[in-house]
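Colleague: To start, I am sharing the structure in question, which I have written as structure tokens.
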Amino acid sequence: MPRASASAARQPTDARSAPLPGPAKPALLLLCCVGTWLSALAGPLRGPSLCDTKTILDHLQFEADNLTKHYELQEPRLPRSEGESHWLPCFTPGPQAANNISVIQAYFQKVKELNVELSHQTNQNQLDVIIKRLHDLRYEDSPEPSISGPSDQYFKKKQFIQAVFREFSKCMNTTYKAFEDKLKAEGKDCARKRQRGLQ
Amino acid sequence: MDKLSPLTPVSPRISFKSSLQHLDLEWTVQNLPHHQELKMIFLIEISRIRTSNIIWVGNYSTTVKWNQVIHWSWKSELPLECATHFVRIKSMVDNGMPPELSSWSEWSSWEEVHAQNPLEPNALFVFPKRKLVEEGANVTICSIFGSNLKDIFCYLEGELIHGEQLDSHILTFELSNVPFVRVSGMNFYCVEKPTNITDGIVLFVSKVLEEPKDFSCETRDFKTLSCTWSPGVDTGLGWSMQPSQSYTLVESVSRERKHCEHKNVCNWKITQELQEIYNFTLIAENHLRKRSVNIFFNLTHRVHPLAPYNVSLESIEATQATLRWKVLYHGNRYSLLCQVELEGEGKVIQQSNVSVKVSGEEIFSELVPDTEYQACIRCAGAGHFWKWSEWNCQKFSTSEAAPSEALAVWSTVREENGSCIVNLFWKPLSKLHAKGKILHYNIITENLDKPHRVKLYSASGLANDMKLTLDQCAYQINVTASNSAGQSPASVIAISGDSGKEVEEERIQRTEDGFFVSWKPLSADNIIGYVVGWCVRLQDPLCDLQWKNIGPNTTSTVISSDAFRPGIRYDFRVYGISTGRVASLIEKRTGYYRELTPSMNPRVTVKNLTSHSFVLSWTDYSTNDQSGFIQGYHVSLKSKNRQCQPGFEKAVCSAYTLVQIILPMIFSVLLIISVCYWKSQWVKEKCYPEIPDPNKSSILSLIKSKENPHLTIMNVKDCIPDALEVINKPESTKAQVMGTEKPFLAESELTAYLYPLQKEHSGPGPWICFENFTYNQSASDAGLCGHIPVPSKDLPWQQGLLTQPDNLLNVLEGNCEQPLREIPAGEASLNYVSQLASPLYGDKDSFSNNPTTTMPEPCSDYKMQMAVPACLASPLPSKESSLSSVVLLDQGEHYH
């Protein structure tokens, strides 16, 4: 997309090099305006390719699953908090996912804070990696919402962390599967592409 | 209030601290006189849930001033949020009189404490929300729930636990001896079923703070005291509920304190006015507990000196060196004791202690020249030992000295083209005697006939031999070793042109200790000793010659060396050394450290090959080069296509003598076999004349034609005759037999006829056996076997047995037709006729050619017999009596 807009923008520049007869001028001007408008629309959009998205989702799925298992080992048999399944939004990769991804990132930032309070430094790096990967999935920067987090009660804090991990893991399983199906339907073979890239 | 009597507590105000579960009370006492203090006793009552449910009553004594607010605190076991509490107070002046004689004031009114707002119908709470206890403590947890909630289930670490119902909406749980589970606390929660309304708490359980162990302080420089200890377990908990324990150092003499930044070490600055005595208390502390340890010491008793510095070796000579060093100066009153060690070759060889204030010195003597040493030094307080400093070590090497020992020298001498070739060998000096690196060896030859003719040779310090070519063999040779410091004493040997007497070489066996070499002593007058030299056999004169010097009174020695190898032959020579240092050979020995099988076979050539002989030779096979003494040679002879059978055709021969014996023998045997074959007919007639075969007799055809069921062929193997008589018949009868109408059975027919008999020889049947009269009857009675004899058609001396065919038929049809047991004794008289069933003649051949008779007849190798009734037997012609024979048969006798 960015490439297409660039070529469109170059065209009027080339046209200016030679004087054009009467009716061509307004047409060129119109073309120039439309090109600029299109490039303005396409400009802010950025994001990973489908195969890169698949790789990121693959990693996220594995890491989310790992986090959940690890936390359940650390705090075994903790009950689910009320309505926890509605806290964390899920997303479908694409430009429209930016807001939801930023909400998830905010939740992970909150978990990081709670971990620091808890003196649990072990999975901080993992949390940072997840936040970074989520960022890579975003097509545009959107403001990160603030999360109120759990109350001051330690029990609720634990439940909060567990709920974020668990819901994120669920979300990644669903998202990854759906994305894979989508790739299959579109006939995209990322494995072959990766191999070609390696060669 | 108006009715309150004087000195009644008024306006009690209650507050609470949830985290500590404290109820804090404040009140005043009315009507106290101005500027007056009264000692008072307050009686306090606390109720829970309702005023009538008094759970605690207690006194509190204090001195009260006018208008003073009195504070008092009470700790509840039950979290205050779980129930409403009520408090009231009354007071009494403590005038020293017994309480019963004093009068109490009126009770204050009940003051009510609600730590928790009224519950919603669907609310569920668990308390305390923030609780920190030590491992092993007892904790009370409570759960309160609204009116809509009924079935509450509570879990500690996921395990369901049952509580006590305090009232319809309060559950309490007494947890005793709680364990430490994790730094993020234990989880306790309650759930209402089926709504799944949940609430929980985290119970933080800290490990018990331990007393610091191994608390100790020391100084290295009299400026800082370093105090160390083992902290024990970390009692820190998550979410800042409790940080790790802190440590504080308090010195009671100076009354200073210092918060320690590290958990196991703390540095304390020593004041300028050198404080000698220190009394330290180390306090470990967390939110729940304090622990402390104390030490008291004199500073000079806790000195751990720094390692000596400026350590150097000076005046290093061949046998002596001086060590100097410095220590940190701690004032005139304090000195150090330094330990000096000298190490050589990894061992401590000298050790000494030196008292030092600023610097020290130690002289090492009796050192070995040209040797590397290491001098090490460390120090400790001289007055009171606390700890050694670290070692400071320096390496050094002593200088060289002249070699102290004469070389061990030996030589071999041989004459060549009128010159004397001397191979001179010497052993390198040991490190102890070399006293430095040997740079070269000096060899001085002195002609004994012309003493002024002296020649000097020099060999490199790495050499240990030299070849000298002298114009004659009467020389004295001096050998010395030189290093940078000087020369060794000279070694002197003399050689003479006299080759000495011839000595015969003898073999020796190695014993467990080595080669035992002995010799006959020479006249002791002019012998100063013996030398036993040895070398690998047949190597060049510059072989790795070894020798051993033996005293003059010794006549044997054991030569052992790690260099001896199995399969290698060593030559030993014993020399007597005269006073003129001339060596004379007196013994020669040779032997193997261990003999091995020869590693290679001789290369054999074949010569003089004829049809019956040839000569093998292996001239280039050196017996001296082998890995054992060669004792002989094994020669095997085999045909080209056969494997040589071990131990079969092998012959043991001495060298160069063999096959001439075997080849003629083979030839002779072949010759004898050929002659025997050529004369076989004659031998056969002489040794085993042919016997007619009864199976081929023409009588068989007659029997067949008559189809007499009683007739059978005698099976010889079942008979045990005593004697056989062979009767020949004149040849005139042959024509009669040949002329009978019944022809003889053809071979095939005969075979077909005989085959069932062979198969059925063990079965029941009308067998007939003939032996003698008595035996005949008994045999037939017993049902034993028998054959009707079948005479051979080719044997005229046998054909003579038979009468005319008619007669024969008569016999068969008449008397002979009956079974023999029915034959009267007079008629049954028989003559035994020997029939030698030779495989060369008769129908036996046809048996072997016929595949249907591959099973050999067990008795076929025995002499077969033909039994003929007396009525058929003709009188024996006296002329043919020589053909008749009596043959004794034996069951075990074989005839080949």
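Numbering starts fresh at 1 for the residues of each chain in the structure tokens, the chains themselves are lettered A, B, ... in the order given, and ligands are numbered from 1 as they appear.
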May I have the residues of chain A within 12 Å of chain B, counting only C-alpha atoms, written as a VMD selection string?
Modeller: chain A and resid 71 73 to 83 113 to 121 151 to 159
Colleague: If you run DSSP over the backbone, which residues in segment 274-451 of chain B end up alpha helix (DSSP H)? Put them as a PDB file with N, CA, C and O atoms, in the first residue's frame.
Modeller:
```pdb
ATOM      1  N   LYS B 431      70.983 -35.290  39.103  1.00  0.00           N
ATOM      2  CA  LYS B 431      70.848 -33.849  39.355  1.00  0.00           C
ATOM      3  C   LYS B 431      71.635 -33.441  40.597  1.00  0.00           C
ATOM      4  O   LYS B 431      72.236 -32.377  40.659  1.00  0.00           O
ATOM      5  N   LEU B 432      71.622 -34.369  41.534  1.00  0.00           N
ATOM      6  CA  LEU B 432      72.315 -34.098  42.792  1.00  0.00           C
ATOM      7  C   LEU B 432      73.814 -33.905  42.555  1.00  0.00           C
ATOM      8  O   LEU B 432      74.449 -33.062  43.182  1.00  0.00           O
ATOM      9  N   HIS B 433      74.366 -34.734  41.645  1.00  0.00           N
ATOM     10  CA  HIS B 433      75.808 -34.676  41.436  1.00  0.00           C
ATOM     11  C   HIS B 433      76.197 -33.736  40.306  1.00  0.00           C
ATOM     12  O   HIS B 433      77.320 -33.230  40.296  1.00  0.00           O
ATOM     13  N   ALA B 434      75.300 -33.510  39.383  1.00  0.00           N
ATOM     14  CA  ALA B 434      75.654 -32.625  38.270  1.00  0.00           C
ATOM     15  C   ALA B 434      75.749 -31.173  38.745  1.00  0.00           C
ATOM     16  O   ALA B 434      76.563 -30.404  38.257  1.00  0.00           O
TER      17      ALA B 434
END
```
Colleague: Take atom CA of Thr195 of chain B and atom CA of Glu84 of chain A and report the distance between them in Å, one decimal.
Modeller: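 Separation of atom CA of Thr195 of chain B and atom CA of Glu84 of chain A: 15.1 Å.
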